[in-house]
Each structure stands twice: as C-alpha cells, then as structure tokens.
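Have a look at the structure below, then the notes.
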Amino acid sequence: MPTALKHFADTYLMWNEGYLIWISDALIVLTVIGIVGALTYLKKWRWLWDNWLTTVDHKKIGIMYLIAALLMFFRGGVDALLLRTQLAQPGEHFLDAEHYDQIFTTHGTIMILFMAMPFLFALFNIVVPLQIGARDVAFPYLNAISFWLFFFGAMLFNLSFVFGGSPDAGWTSYPPLTELGFDPGPGENYYLLGVQISGIGSIATGINFIATILKMRAPGMKLMRMPLFTWSTLGSCLIIIFAFPALSVSLALLMLDRVVGTHFFTMMHGGNPMMFINLFWVWGHPEVYIVVLPAFGVYSEVVATFTRKRIFGYSSMVASLMLITVISYFVWAHHFFTMGAGADVNTFFAVASMAVGIPTGVKVFNWLFTMFRGRIRVTLPMLWTLGFIPNFAIGGATGVMLAAAPGDYQYHNSYFLIAHFHQMLIGGVVNGMLAGMYYWWPKMFGFRLNERLGKWAFWIFNIGFYICFLPQYALGFEGMQRRMYTYPTDMGWGSLNFVSTIGAYLMGVGFLFIVWQVLYSLFHMERDTTGDPWDARTLEWSLPSPVPHYNFAVIPTITERDVWWAAKQRGTTDLLTPSAEDIQAIHMPKNSGRPFLMGFAFFVAGFGFVFNWYILAVIGLAGVALCMILRALEDQDEYVIPVEEVRETESALGRL
Amino acid sequence: MSGQLWRRLRSVFLVAGTSILFATGCGSKYFVLHPAGPVAQKELHVIEWSAILTLIVIVPTLVLLAVIVWRYRDKPGNKARYTPEWSESKKLEFVWWGIPILIIAILGAYTGKVTFALTQPPQKDAKPITIYVTSLDWKWLFQYPGQKVATVNYVEIPTGVPVNFELTSDAPMNSFWVPSLGGQEYTMPGMATRLWLEADKGGTYYGHGANFTGKGFADMSFSVIATSQSQFNQWVSQVKAASPALTKATYQKLKQPSTVGKISYSSFPPNLFNDTIWAEGGQYMQNAMPSNSSTVATPTNGAMSGMAGMNQDQKDAK
Amino acid sequence: MSALQHAITAHADADTPLEYQNPHESVKITGFWIFMATDMLLFGCLFATYLVLRTHTDGGPTAHHLFDIPGFTAETFILLTSSFTGGLSTLAMRLGKRKQVMAWLTLTILLGLAFIGLEVQEFAADVAIGATMQRSAFLSAFFTLVGTHGSHVSIGIVWMVLTFIQIARRGLNQKTARKLFIVNLYWHFLDVVWVFIFTIVYLSGVVM
C-alpha cells in the first residue's frame, strides 16, 4: 500500500486500531450496499424521495423519528454491552482505556440526545395534532427541518466511530479535559457539532409544538380539556425553548476555544472551566424533565384507557406538570454539590431538588387512584406503565437521597449515581416511550404488535434491568467510581459487576425480542379496522388507522374532556365523524426537498469544522444560507385537496 | 422517642435493605456504610435518614400498586367496585400533596443543618493539620505545609486530628474521595477548595479520583494511612531523612501525563501550591475560595505573596 | 383562510392589521415571539458569561482603555434610529403605502449597514493594538457577545433586503405584510439587546 494511503487509513479510518474497527467498517459497507441495492432493485428511490425525504406530514416525520430512535437505541445498547463486557470482571482487557472512554461517551450522548429526544419527538409528532384536532403542526416545513437537523447531527456524531475517532471525555464533556491541549483529536469536535446541529432542530421543535398547542386547537378544545399527553408536550417544549439555548451557548463557546483559540474555559489567560459546567447543567438538568414529562403524559393516557376510567385529579396532574416545568430550572447545581460552593447555595439546591419529588409523587398517586375502582386490562402499553411505577418509586427515593447534599458527597460520581439515573431514564423514560409506541402503533401503521412476543420482551428487559442496576447501588457504597475502564481484583467489586453484566445482556435480549416482535407482526398482521382498537378516550381514536394525510376531513367541535369516550358512551360518535355535506376543499402544505438538503448542508459544514477544513465548512454554510434564502422568497407552499377527493377517501374508509 | 429505639430501627432498616439489595452480603468493603471518621459518620446519618423518610412513601406505594392491580383487574366476574366517572377527591389529594411536603420539609431542614456543619472542622478540641492536595495527570501530590514534606499517591494522617485538605488541580479537574472518611470535593485548576476529614482509628483507607480525567483515570487511586500522632511524627522525620527533595524541575516532570507509584519527598518548593493556583487564574477566584483567607500559609515571596492578605483586604473594603 | 387553521377563530375585520388578517400568517407571528424568547435566553447566557469573565483580563487590555465613547455612542444612535425607521415602515404598511414602506426599509437597511461598518471598524482597531479574542477571557467574552449581536444584525440586513424584493415584486398583501412585520419585530428585538450591551458592556465598562 502506498504510504499516503496507509497514512490516510491509519489517521482517519483508524485501521491500525484492530478488529473492532474492521468489523464495524465491514458492517457499515454491507448495510449501505444492502440498502442501496434493495432500493435500486425494487425501484424505490422515487418513492423514498417523494413519500419520505421530502415529506412535511407530521405523521411521517414522526415515523422517521421513531425509526431513527430505535436504530440509535440499538447503537447505544451495543455500546452499553461493550462497556458491561469490559467491566464483567476485574483486570479485563477486552477494551483498552481509550476505547472504553470513547464508548461510554458515545453511549451517554446517543442515549440522551439521539435516542430519547427523537423518541419523544416521534410521539409529539404522531400524537399531538391528532389529539387537538389539527391537520398538521403550526409550521410543517420547519418540522421537516427539525427532523433533518436531528438526523444529520446524529449521522455526523456517529460518523466519528469510523472516521477520525470518537469523542472520549464523557457526554458531559467538561473542560479543561476537552480543551485542545488535553484532547487534540477530532472526536470532541464531532461531539460539539453533532449535538449542536441536532440541538438547533430541537429548539425549532419546541417552538413549533408550543405554537401548535396554543394556536391550532379545534374549536372548543380549551386548555383544560386537552389530553394530558398534549399538556406534557407543552411542558416539555417550554423547557426546551428555555433550556436549549444554554446548551447551544456552552457548546459554541467550547468550540470557539478549540477552533479559534479563545479562553472561555481554558486554564490560561483567565478562562473559567466552571462556567461551562454551570451552563451545561442549566440545560442538562431541565433536559431530564424534557424527556420524562412526555413519558408522564403517555402513562396518563395509557392508565385512563386501560382502566376504562377518567384520569384521577386532572387539575392536579396539570398543576404538577407545570410545577415540575418551573422547578426544573432551579435544581441544576445538584450536579455539582462538590464544586466548593457555599453551604447556603448547596442547601438551596438540595431543597429545590427534593421538592421536585412532591409533584412527581402526586402524579404517581393519581395514577394509582385512576386504577382504583377501575377495570385494569394488562395490555402491552399498560404492562410497561405498571413496570414503570416500582422503578420510578425506587429511582425517586434514591433521587431524594442524592438530593440531600451531604449524602451526595458520598454518592457523587459513584455507581450509586449511575444506578439512580438509569433507573429514572430507563424505568421512567424508556418505559414511557415504549408504552407510547405500543399504544399508538395501531394509529401509526394500522396494525397491532404481537402481544405474546411483547410480553416476553417486557419481562426479560425488566428483570434484566433490576439485575443490571440494583447491584450498582451497592457498588456505589463500595466506593466504585463511574468511568473507570477497569478495576483491581482486591477491591472485591468483581461479583456484583458480573451480576450487573448478566442483567445488561438480558436487557439486550429483551430488545431483540422487541425487534422480533416488530418483524413478526409485519408478516402476521393483526389489522385494526376500527381505528379504536383499545376502546380509548381521546380524539385521535375517532380517526381511522392509519390516519389519512389530512387527518380530519372536517374539524370536529370539542365539547368536553375525553371527548371520544363520552361520545361512545352517549352513542353520539357521528358528531365526531365527517358528514358529506360539511366537507370542504382542504389546503395542505406542499412537500419540499429543501429541509433535507439543508440538513445535509449543515452536515457538510459540521464535517468541515470537525477537521478544520474551512473550505468545506464555508461550502456547507453557503448551502444552508441558500436554502434559507430560497425559502424566504417562496410564494406558494400550499396545495388544495378538492372536495371530491376528500369524499372519496372518506367513503373508501367507510366513514361517509 | 428514645435514641436507642431509633438506632435499633435504623439498623433494622439497614439490614433489611442491604440484605435484599446486596445479596453478596455486607462485608467491610462497603466503605460508605462503615465510616471510619466523624465526617463519613455524619454523612451516613443523612443517607440513613433520607432512606427511611423516603421508604415511608415508597413502601405503601408499592403495596398499594400490588393490591390495586390485583383487585381491579379486568376479569369476568370481578365483583370489586367500578366507578368510571369518579375522578376527584380533595381529601385524598390533600393527603398526598401534604405528606411529601412534610417529609421534604423535615429532610430539607436536616440536610441544611449537616451541610453547614460539614464546612466546619469535625471537632474543635484538637488543633487541625493542613495538607495541600494537587491532582495531576494521573497521580495525586500531597504537600504538608506544617511538616514541609510531600508525597505522591499516599497520604499519612494522624488519627483523632481534623485534617484540612486544601484541594487544587494542575490538570483537568478531578475529585478527591476517601469513602471511608467522608464525601468528596472537586479539585479544580485555578481554585482552592477545602475538605475537612478526620480518621477515628488507625488503618489504610482507599482513596480515588472520582471525576474522569482521561486515559489514566482508572489508575488514580491513593491510600490514606492513619496512624497515631507519634507514629505520624516518626514517619515525618523518616521521610525528611531518607527521601529526595521535590524541586521545581521534578515537579514539572511529575506534572507530565503518566502513572506512577508511591513517592515521598523530604521537602518541596515553598510556594508551589499557591503558585500553581495563581498560574491558572487563582487571582480571579479569591472570593470563591473560602479557605485561603485563613489557613493557607502566607507565601513569603513570588506572585502569590499576600494572597490571603489580599482576600482579607477585599473583605475589609466591603 | 387556510384550512390548516380552522381551529383559529377568524375575526378578520377592517380593524385587524393586515399582517394578522390571515390566521395562517398570524400564527407565524406567534411562533416568532416564541423564537425571540429562546434568542433572548441565548443572549442571556452570553451576558452571564461576559459578566463572569469581564475582570479576567490576564494583564491585557481592560474595558476601560479599550472602549471608545464616541464610537459606541454613534453605533447606539444609529441603531436606535434604524429601529425607529423600521417602525415607520410597519406603519406605512398598515396604511397600505407601498412606496413609503420601501423608502423606510431602504433607510433602515442603510443605517444597519452603517452600524455594522462602525462595529467592524471598532473590532479592527482593537485587534490592531493586540486586543484579540485570544488575548484573554475578557476579550473572548466581549467579542463573542458583541459579535453575536453583530451577526444577528447582519442576518437582519439580508432578511430585510429579501423582504424588500418581495414587496417590490408582489406588493403589500397578507403574506408580505406579515413578513415585513416579523423582520421589524426582529429588528426591534436586536435593538433591545443592544441597549443591554450598551449599558452592561460599554457604559459600565468605561465607568468601572
């Protein structure tokens, strides 16, 4: 091999680092060939472009978010298994320190930003417009931009694994460790740019859904008649728009330090690393509530539906959601009680953090008392919801323990902390997202997922979860720190770590069952022809599954909470289904390829900045600017669906 | 209620909790649960109390969950009441807004009390000893301003004497943690933070950096060796007699990223600790460093001279 | 009325300003207000950073001997005036006077360019005496905060030119009126941010 080529292969493709890289490269090449081959063979390129890449339909964007989230769940999960394999026994050499550091960094970043975020955006997109009686979100074009920014941000981040090297300073990326002097490689730049690009998309999503919920509700859908999932979306989006700017700023300033040579967080010329830590957690803690509030929303919908009962204490559910939204801004310093702030500061943040437990506790009791004197059907969504409650109870308890500052001095950065936040993020968020996925799957695709395989998945995943994380609480008391790539035999941490690894693998098996379940159900479909397979309560279940692209042929008038359930009880469902004479022509937003191209241009610009290849960066930014200018000058971005077409579609669905 | 009963209750909870959760048994390796000094002891109290108070909510919740799911399951012939429209009860809601508020109020007050107490020396009777701690890539440097000796990756302390650890970093930030003696505190470049610890009984305690600092992080363990005052004095004179000096040149070498074993030095450059802080922006952080005004020895020369004094001046000016 | 916005109770009568008459357009004004909230937070973080780092001069140039009073006073005056002329273009739009709209918009763009010109000059002068953003944390924070505002203004200028082109081509209708309204909202917002920069950065810089 010519030396130039070998140099390239070693520097950028890291081919000198061993077989893990070669396997990944081979898998990626095979996957790409497979996808391209299949699309060409089946002549699906046109279909892909017209129906998916250029779509501005909230339901399709939601489905794309869902697919991306599941793929990232897989990637983050593989990372987790690699980590657990390395830690299974003391003195293990499966991974070296550098690779271990990279993998825990990508695991954390991917799971929070590229798995949890798109998963909840998937549910926002699929559910919210249908629940409030709208034909799309307020800004469908912006919605597509959000998705493609997320997608290309995630791609940029994932590219680091096979091109140039992954970030290796933790998902929190604290300077000065992440400054050029200590971390010269491109990995950290990948982190900064990938997260930045997708973060811009998240802010746009936040704006979009606030405007949608405030301005696009069907007549009569007063705020206090909104389903709780929509309320939780509103809370989550309010946190997004007020928290994400802090992330953007912290990442941008660190990027300036690394690329331009400024001194915000360096150890020289007056830089102050503590600034970054504060800015990061001003976003980072609210972020936890951004992802958990929608999960609460899902639980509220699921519990009411599967107990055939009104949700208990609707007003106090709304109040507690909003209270959490507000308190979430006043707790960030509990991530660094040990940074030397005064006892007064620590006490304030400790008490504020404990206080979050009050509204969350209230929610749990309201769910319990929704079930009380109801009729509980243990379907898959309900199963994941029931599984969530003990998880969240234990995680919440350890959360209050962590909030007690003097205790935190002992738990901080130990495996106790790791166990706690996994219990909240898996038991709280992932359970919620999966419950939501199962619940709204028939609405998205028109068929149900196989229950039996789903139950296997649930039990294996959840049992695996406890086996994996309960020992980690104990490891924390044994003094084991997070982010150690290995540990000596004489510490006695071996057996608990081994148990924990077994649990992790069980969770992996649980995930495979979900994949199997989806594939199996694709081939053995249980079609849903009713549109309301669960006998549910809210407006989206008044529509056929899958929903026609204009959603509502006639926008319904809302008279009360749980309007669909009430209509079914009274036998007045025809008030919520269209009548032929009411149907008018419908204006819908046109598809556009520009959001996709703009995301790609961002990707190019980001890639240029990662390697300081400024020509590429400028080309990418110019592409972004061009897309924006063309959009600004655009005059017509809507088309009209004629009355006849709507009538035909509706009668084909048997609704006229 | 007598303290005796509470202590018994606490141990019941602890045994129950640990035996369920930690099936491997409760040996002495649970550093946090077996404190060897008053600081860790205070922190364990907070841990136990917070666990008990949260259990008051958690246990009934879980029992309630099990009972409700069983009793109201959707089975034909289930005779339990079914009230699909019942969705409000001010009384019930008052209970579960009220009880958590009460619990948080109690726990919050106790947390505040201990948090403030931990900023003070663990006891007032004995004269404290000060040790400067610097985290480096990837090792720990300890300097004894009183005894004028220095060590790497191990630190000797006398038992029954409060130790005032002054912490900084000459590398990416780390965290100084000796779980048997007490909770951790960050070490940060350009900053001095303080951590009070004390060992009740002699022994060798495990210490480790707790904040990730890169490739060599897993090797950043150190030992805390607690001995009686006389043995400690003996050790000091032994180090003074037998070990090489830490010079500025050796410090520069030590600073380079590497992992090393345990090292002792008979002396160190007098202002090394303060100079390190100063070089990385310490002048901007004086108001944020409660410790330096009183205990860090006043430097005799160099850029740092009068750092403590300056801080005092600023306070006077206010 | 767009069917997307059936939900919005339309009460477009003669009193409703042109930019609010079409609910499909007016929802974009709502969205833009929400955007400005996030942008305000972004500037808030930059201000916080500046306030923490402003004394971190590392022995280099300080605010006191860097800031040029006539220079930033002129910048302030120009930007405030441009905000006023921008406001006049909105008023003219509501009266349906297209020529006036275009005239006021042109003036606003020119004033914006003058502001950017002065700012670039100021930065160049700082750099010439060695006060670069790599010199100290204070200067990093200063250039980033003021520069972020400056790049917002630059984007605003391009945006105004695009709006100008559309009004010239298509005249005043519900859509162009809404676009004009939003770009002016943005412009006023930048003006407000500048008032904070003027007081927190420049005025307190030369006083302290």
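For the structure tokens, the naming scheme is as follows: chains receive sequential letters (A, B, ...) according to their order of presentation, residues are indexed from 1 within each chain, and ligands are indexed from 1 in presentation order.
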Select residues of chain C: the criterion is any atom within 9 Å of an atom of chain A, counting only C-alpha atoms; output as an MDAnalysis selection string. chainID C and resid 2:9 24 27:28 30:32 34:35 37:46 49 52:53 55:59 132:141 144 159 162:163 165:166 175
Among range 154-203 of chain B, which residues does DSSP mark as strand (DSSP E or B) when it is run on the backbone? Keep the chain and numbering as in the structure and answer as a ChimeraX atom specification. /B:154-158,163-169,174-178,182-187,193-197,203
Please identify all residues of chain B having at least one atom at most 10 Å from any atom of chain C, considering only C-alpha atoms, and return them as a PyMOL selection string. chain B and resi 281+283-285
Next, write the just-selected residues to a file, as a compact mmCIF listing (two decimals), in the first residue's frame, keeping N, CA and C atoms as the atom set.
# COMPACT_ATOMS: atom_id res chain seq x y z
N GLY B 281 -5.09 31.17 37.12
CA GLY B 281 -6.21 32.10 37.24
C GLY B 281 -6.73 32.26 38.65
N GLN B 283 -6.16 34.40 40.81
CA GLN B 283 -6.46 35.78 41.22
C GLN B 283 -7.92 36.16 40.97
N TYR B 284 -8.56 35.46 40.01
CA TYR B 284 -9.95 35.80 39.71
C TYR B 284 -10.93 35.09 40.64
N MET B 285 -10.42 34.17 41.41
CA MET B 285 -11.30 33.27 42.15
C MET B 285 -11.25 33.49 43.65
List the spatial neighbours of Ala126 in chain B as a PyMOL selection string - criterion: any atom at most 12 Å away, only C-alpha atoms, same-chain residues fewer than 5 positions off excluded. chain B and resi 121+158-163+198+229
Residues of the last selection are to be written out with N, CA and C atoms, as a PDB file, in the first residue's frame.
ATOM      1  N   PRO B 121     -14.568  22.402  60.997  1.00  0.00           N
ATOM      2  CA  PRO B 121     -13.732  21.259  61.405  1.00  0.00           C
ATOM      3  C   PRO B 121     -14.586  20.262  62.197  1.00  0.00           C
ATOM      4  N   PRO B 158      -2.480  11.791  61.107  1.00  0.00           N
ATOM      5  CA  PRO B 158      -2.617  11.327  62.487  1.00  0.00           C
ATOM      6  C   PRO B 158      -4.087  11.091  62.815  1.00  0.00           C
ATOM      7  N   THR B 159      -4.380  10.085  63.620  1.00  0.00           N
ATOM      8  CA  THR B 159      -5.774   9.828  63.993  1.00  0.00           C
ATOM      9  C   THR B 159      -6.221  10.840  65.034  1.00  0.00           C
ATOM     10  N   GLY B 160      -7.546  11.064  65.078  1.00  0.00           N
ATOM     11  CA  GLY B 160      -8.117  11.955  66.081  1.00  0.00           C
ATOM     12  C   GLY B 160      -7.811  13.423  65.854  1.00  0.00           C
ATOM     13  N   VAL B 161      -7.249  13.748  64.707  1.00  0.00           N
ATOM     14  CA  VAL B 161      -6.914  15.143  64.405  1.00  0.00           C
ATOM     15  C   VAL B 161      -7.674  15.547  63.140  1.00  0.00           C
ATOM     16  N   PRO B 162      -8.393  16.671  63.195  1.00  0.00           N
ATOM     17  CA  PRO B 162      -9.074  17.108  61.972  1.00  0.00           C
ATOM     18  C   PRO B 162      -8.042  17.468  60.901  1.00  0.00           C
ATOM     19  N   VAL B 163      -8.289  16.978  59.689  1.00  0.00           N
ATOM     20  CA  VAL B 163      -7.365  17.293  58.600  1.00  0.00           C
ATOM     21  C   VAL B 163      -8.059  18.246  57.642  1.00  0.00           C
ATOM     22  N   GLU B 198     -11.479  13.426  59.013  1.00  0.00           N
ATOM     23  CA  GLU B 198     -10.760  13.003  60.220  1.00  0.00           C
ATOM     24  C   GLU B 198     -10.907  11.495  60.340  1.00  0.00           C
ATOM     25  N   GLN B 229      -0.452   9.934  66.530  1.00  0.00           N
ATOM     26  CA  GLN B 229       0.349  11.149  66.366  1.00  0.00           C
ATOM     27  C   GLN B 229       1.841  10.837  66.428  1.00  0.00           C
TER      28      GLN B 229
END
Identify every residue of chain A that has at least one atom within 7 Å of any atom of chain B, counting only C-alpha atoms, and report the result as a ChimeraX atom specification. /A:97-98,169,176-177,267-268,270,308-313,338-340,343,347,351,354-355,358,362,368,371-377,390,393,397,401,404-407,409-410,413,470-471,474,477-479,481,483-486
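Among the candidate residues A:Leu120, A:Val29, A:Val356, A:Leu71, the one lying nearest to Ala403 in chain A is A:Val356, with distances computed using only C-alpha atoms.
Shortest atom-to-atom contact with Phe143 in chain C among C:Glu75, C:Phe123, C:Ala168, C:Thr176: C:Phe123, counting only C-alpha atoms.
Near Ile167 in chain C, within a cut-off of 9 Å and counting only C-alpha atoms, sit the residues Arg98, Val101, Met102, Leu162, Thr163, Gly171, Leu172, Asn173, Thr176, Ala177 and Leu180 of chain C, with same-chain residues fewer than 4 positions away left out.
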Let's have the selection written as an mmCIF file, in the first residue's frame, with C-alpha atoms.
data_model
loop_
_atom_site.group_PDB
_atom_site.id
_atom_site.type_symbol
_atom_site.label_atom_id
_atom_site.label_comp_id
_atom_site.auth_asym_id
_atom_site.auth_seq_id
_atom_site.Cartn_x
_atom_site.Cartn_y
_atom_site.Cartn_z
ATOM 1 C CA ARG C 98 -46.055 50.647 -0.609
ATOM 2 C CA VAL C 101 -42.679 51.179 3.043
ATOM 3 C CA MET C 102 -39.873 50.683 0.558
ATOM 4 C CA LEU C 162 -35.195 39.842 0.776
ATOM 5 C CA THR C 163 -38.369 41.343 2.211
ATOM 6 C CA GLY C 171 -46.865 44.447 -3.427
ATOM 7 C CA LEU C 172 -48.436 44.509 0.015
ATOM 8 C CA ASN C 173 -50.613 41.540 0.810
ATOM 9 C CA THR C 176 -45.644 40.211 2.603
ATOM 10 C CA ALA C 177 -47.192 42.333 5.340
ATOM 11 C CA LEU C 180 -42.369 42.855 6.975
#
Considering only C-alpha atoms, return as a list in words whatever protein or nucleic-acid residues lie within 8 Å of range 56-58 of chain A, sequence-local ones (same chain, fewer than 4 positions apart) excluded. Gly62, Asn125, Ile126, Asp136, Val137, Pro140, Tyr141, Asn143, Ala144, His549, Pro589, Lys590, Asn591 and Ser592 of chain A
Any chance you can output those residues with C-alpha atoms as a compact mmCIF listing (two decimals), in the first residue's frame?
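In the end it all went to result_17.txt:
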# COMPACT_ATOMS: atom_id res chain seq x y z
CA GLY A 62 -42.97 11.08 13.46
CA ASN A 125 -45.41 14.45 16.00
CA ILE A 126 -47.66 11.46 15.69
CA ASP A 136 -50.69 19.39 10.94
CA VAL A 137 -48.34 21.23 13.24
CA PRO A 140 -44.85 21.79 8.87
CA TYR A 141 -41.86 22.93 6.83
CA ASN A 143 -40.90 20.50 11.38
CA ALA A 144 -39.17 18.78 8.47
CA HIS A 549 -52.84 12.57 5.37
CA PRO A 589 -48.54 22.25 2.81
CA LYS A 590 -46.52 21.09 -0.19
CA ASN A 591 -43.66 18.66 0.13
CA SER A 592 -40.19 20.11 -0.15
